[in-house]
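Following: one structure in structure tokens, then a few remarks.
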Amino acid sequence: MTSTPADLSASPTPRLALRGIVKQYPGCRANDGIDLVVMPGECHALLGENGAGKSTLVKIVAGVLQADEGEILWEGAPVRIGSPAAARTLGIGMVFQHFSLFDSMTVAENVALGVDWRGAMADLSRRVAEVSARYGLALDPARRVCDLSVGERQRVEIVRSLLQDPKLLIMDEPTSVLTPQEIESLFAVLRRLTAEGRSILYISHKLAEIRTLCERATVLRGGRVSGTCDPREETAASLARMMIGTDLAPPVRAAAPRVGEPRLVLDRLSLTSETPFSTALDAVSLTVSAGEIVGIAGVAGNGQAELLSALSGEALVAVPEAIRIDGVAAGHLGPRRRRALGMGFVPEERLGRGAVPEMSLADNVLLSAHRAAGMVRGGMIRFSRAKGFAERVIDAFHVAAAGPRAVARSLSGGNLQKFIVGREIMQNPRLLVVAQPTWGVDAGSAAAIHRDLIALADAGTAVLVVSQDLDELFAICDRIAVICQGRLSPSRPVRAATVEEIGLLMGGVFHLEETSHAS
Amino acid sequence: MSDAELLTLSAILAAMVRAATPLVFAALGELVTERAGVLNLGIEGMMLIGAVAAFAVAHADGGILLSIAAGAAAGMAIAALFAVLALGLRANQVACGLALSLFGVGLSAFLGKGLIGTPIEALPALPLPGLSRIPVIGKALFDHDILVYLSVLAAPAIHLFLFRSRAGLILRAVGENHDAAHAIGYAVLRVRLLAVLFGGAMAGLGGAYLSLTYTPMWVENMAAGRGWIALALVVFATWRPARALLGAYLFGGVTILQLHAQNWGVGVPSQILAMLPYVATIVVLVAISRDESKIKLNAPACLGKVFHSGR
Amino acid sequence: MRLEARLEPSRAMMVAAPLLAVAATLAAGGLLFAALGFDPLAALFTFFVSPLGDLTGVSEWLLKATPLALIAIGLALGFRGNVWNIGAEGQLTMGAVAAGGTALALYEASGFWVLPLVLTAGVLGGAAYAALPAVLRTRFHANEILTSLMLNYVAILVLAWLVHGPWRSPEGYNFPETRMFTDAALLPALIEGTRLHVGALFVPVVALVVWAVLSRSFLGFQIKVIGLTPAAGSYAGFSPNRVIWFSLLVGGGLAGLAGAMEVCGPIGQLVPSVSPGYGYTAIIAAFLGRSHPLGIVLAALLLALTYLGGDAAQIALAVPLAVIQVFQGMILFFLLAADVLIRYRVRFSARVQTGGTR
């Protein structure tokens, strides 16, 4: 809580200063009078929970959105940033978290689209090669983006921004899709950029990496600045308090779970890839037993989506015995028959897969729980039963909703996730498969979901969690395995595993011999 | 072959080119529209409006160029109606396209009532010097009116635009991922509006060709499903201009062959032969759609999706 | 002017949008008539009110609304499930062909069973024809919009071939038509002295059954889920192919029934054209009626009126009959425009932006 804009009169001109930025959406004030100062050569963290207003704020700086009120000063002079092109002209570059590459186009075309390039493609390719070489960001301009790994895609975005020679680079959650080793090399690039005098506005909710990378941080909560600080002088706990407002107890997993009989057995599960955009599964084997939580880590796009659809029954497997649920060969069974065997499933996309956005919570209960509580008889729906079930889920899992008639879309991400997890748990599954349980969910809901999953396992259900969030997996799992390019590593007890080791597996180094070559 | 047979062959080839031309226009226009991520099912309506407008101007002695321009402008005007609904008001594109087709059929018939049965002079042929003297092929390919040449030139021009120009790159980017294009700072709706208008103008030209040269007169509902066939051609072409051209000529061939088969007295009723182009469309569509990944790989990823600028 | 997303779709606007669209159509129609040099109010009266002046008018109105409502209810099932059957015109035609063929085959027969058999044949003919796009979509992923539409042209050519060729009436002086069906194959009149037949009674029954399926049954729920969010349907384990088959077969069957009732009712034989575009107009009826059976019945009544109005306007004002399609097209356009109010609020200030994530 050291500096305000007034204190800086003696120091050099800030590169960027925001004063009283306000952005109003229907029903919520995403930014409510935000001040922020970024100095030349500084790596400035913008810290906050999901929904705190970080993305809105940086979109305003990048010219994607316009503020309703407030002032933007660029190198001391007030400016209006009317479009992303105007931001680029000023020297503001942005690396988006999602949504800014064109899959079916080449790297060179993607770069050309982002840099207002009017010259020949060959010249651009040469410039791409120069910048890649200078910062150690290897790229082949002729490759199509859909063939690149997630890390490589991020490189395309970074190189695209660097070609503009930006004075301020905005990075929106850049590490959420990277392995620990990739994160290290990204940080090396970022340190180099600040050494060249460029500023970085670094958005994250990961406290550890902010403490290693940034010298100043602005913390947002509910659309307002809840504090500014030097993160190196704070603890993770004090940063978290600024971010969340209260202390959250970390989930506690019992020392030694009482593990029962196997509930899910994957036996050399293989699935050929349907489209050029998907990953084939290659002889995935895994056992999840009653009472334990098993985690699958991995960088996005390494076969998680395919594994999950093979588990849910949305993709059928040629060999029925490759998936056994409670001892029954189930590879050839669709989702409804697998649920009949006692499997519950929480998909990665809450809105648009786990729930129909336009339908009420009561109707959304019918999606997966129509067998339960006699909701359907003789082909006709008994709406009162569905409504009652929804009410019970809302009560038991503390879902903040207007009631069972509220449409799914009207719930916040965290509350909808609690509802979906609750809907599955209320059906007393013998096996629960959960994808990204707390992705984009506020910290309070995330803690509640973690507690619910642990309680479920303690009560004897087998739980399989597929997540990209290593912290989460280390917090709640008993065993952990890593998926990479459609192959699954053997699982190991979480207590015996280190983040570095899992990180190497995420990078595809499955055998120790290879480790020595790779590092 | 005898001279008479060669002459017939030449005439058949020339008729094939003529039958293909409206499809070339309509399919190429829709191809550009779809590359920008907009599915406009209203081609049939736009063609008919273009046909009646061009014919009305020609009938009033408006001259060749003005008639052609009227066809294009009318197609573009009615496409603007689609754009207001589908882009401006974010209505479902499938529904808007259907509405456009149904409305176009009615409106063209309404406007064209007084024009029925009044013939006009077809667009004059412009034989290409030298080339048109080549035996058989010359008469078949190089002795047509200006619209035929224009349609053939449109294919490479659109190819160059889409794959070699910056504007084309942006248009494809908008069709591929409108959120990303918006985030980088491209005006998604403006690009789409222009693409829809271009599609409308091309469909209008296709219609103008029907009423100015192909028949040449105004007949109610004279597009006879060509707008829908053009839609299928875009899928068949996997969104590539050269293949759309090829597809249109293939269909021109089928149309002409069934007409000639009727003349040659093949022992099949004329109604059954007349089904051929429609059946062929279905067959072609099935053949290309069978491999789902082929469509997924080539179709613009945002085709038919509504764009919300707030996101 | 800006569009601001509503948090929830407005139920009031769901009902108000079609009414707004009708009002706008009347206004635009008035302008159209004024532009043609008529007194707009008098012309609108001629178009929309005068046809209903007597019992004959009312009976003709219900007669035309019957096929529209039956077809549109069937189409609506598909539209709910994102199955775009544009081939109702062809399915109607094939229903007419199957019914007509049966009626001609039973030319010598008499008895109460003839008519049910003929109508059943119509249903089966329409359903079988709709099975073609269903199989092409489920087996080969071919877009049902294009295939079903192409089949419309094919069906009309099939009918043309039959009435010009093998089924042409021996005593018809070479006109392209079949023999008149015998009384056993004809639908009895509902009101003596009018053309309105008992087939109109199918409408309330079908509307009720389809309403129950859509809003009360688990199958209807599955259709809606798959229509709104295919991924959620796949998560739940609902079969999209089942929805495609169900909605196309039911839609085709109802269109076939409508076709059978046209040839066994007002027409009484097979002729080259058995429908003035009911299959296309029904698409508009399905939209205008919000894909809800009751709404569709009302929409069908309104659209049926445009047919009568077109006839009346042609006689009284000498405007082309195509004015019918112009009015129908305008209704659909205005409806699609008015629908924006269901999901968005119109704001006239520039302060607030359309919704989004933070």
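By order in the structure tokens, chains are A, B, ...; within a chain, residues start at 1; ligands start at 1, following the order shown.
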Practice task
Show me which bits of chain A are within 10 Å of chain B, counting only C-alpha atoms, as an NGL selection string.
Solution key: :A and (25 or 59 or 62-65 or 82-88 or 94 or 96 or 98-105 or 109-110 or 112-119 or 121 or 274-277)
What lies within 6 Å of stretch 51-53 of chain A using only C-alpha atoms, ignoring chain neighbours under 6 positions off, as a JSON list (two decimals) with C-alpha atoms, in the first residue's frame?
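Heads up, here's the output in selection16.json:
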[["chain", "number", "residue", "atom", "x", "y", "z"],
["A", 30, "ALA", "CA", -17.12, -4.40, -13.57],
["A", 31, "ASN", "CA", -14.71, -1.53, -12.92],
["A", 220, "LEU", "CA", -8.59, -5.81, -7.47],
["A", 221, "ARG", "CA", -11.64, -7.02, -5.61],
["A", 222, "GLY", "CA", -15.23, -6.59, -6.82],
["A", 223, "GLY", "CA", -14.25, -4.00, -9.40],
["C", 358, "ARG", "CA", -15.67, -9.11, -17.11]]
Exercise for the section: In Å, rounded to a single decimal, give me how far atom CA of B:Ala69 is from atom CA of B:Ala56. Expected result: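 Atom CA of B:Ala69 lies 11.8 Å from atom CA of B:Ala56.
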Exercise for the section: From a DSSP pass on the backbone, collect the residues of stretch 180-226 of chain B flagged as helix (DSSP H, G or I) and hand them back as number ranges by chain. Expected result: B: 180-184, 188-214, 226
Handout entry: Those in stretch 58-220 of chain B with strand (DSSP E) from DSSP, as number ranges by chain
Key = B: 126-127, 143-144
I need the chosen residues saved as a tab-separated table (two decimals), in the first residue's frame, with N, CA and C atoms.
chain	number	residue	atom	x	y	z
B	126	LEU	N	-20.07	-11.46	-77.73
B	126	LEU	CA	-18.82	-10.76	-78.03
B	126	LEU	C	-17.76	-11.81	-78.34
B	127	PRO	N	-17.71	-12.27	-79.58
B	127	PRO	CA	-16.72	-13.31	-79.89
B	127	PRO	C	-15.30	-12.77	-79.65
B	143	ASP	N	-17.42	-17.45	-77.67
B	143	ASP	CA	-18.38	-16.66	-78.42
B	143	ASP	C	-19.61	-16.42	-77.54
B	144	HIS	N	-19.39	-15.74	-76.42
B	144	HIS	CA	-20.49	-15.52	-75.47
B	144	HIS	C	-20.63	-14.04	-75.17
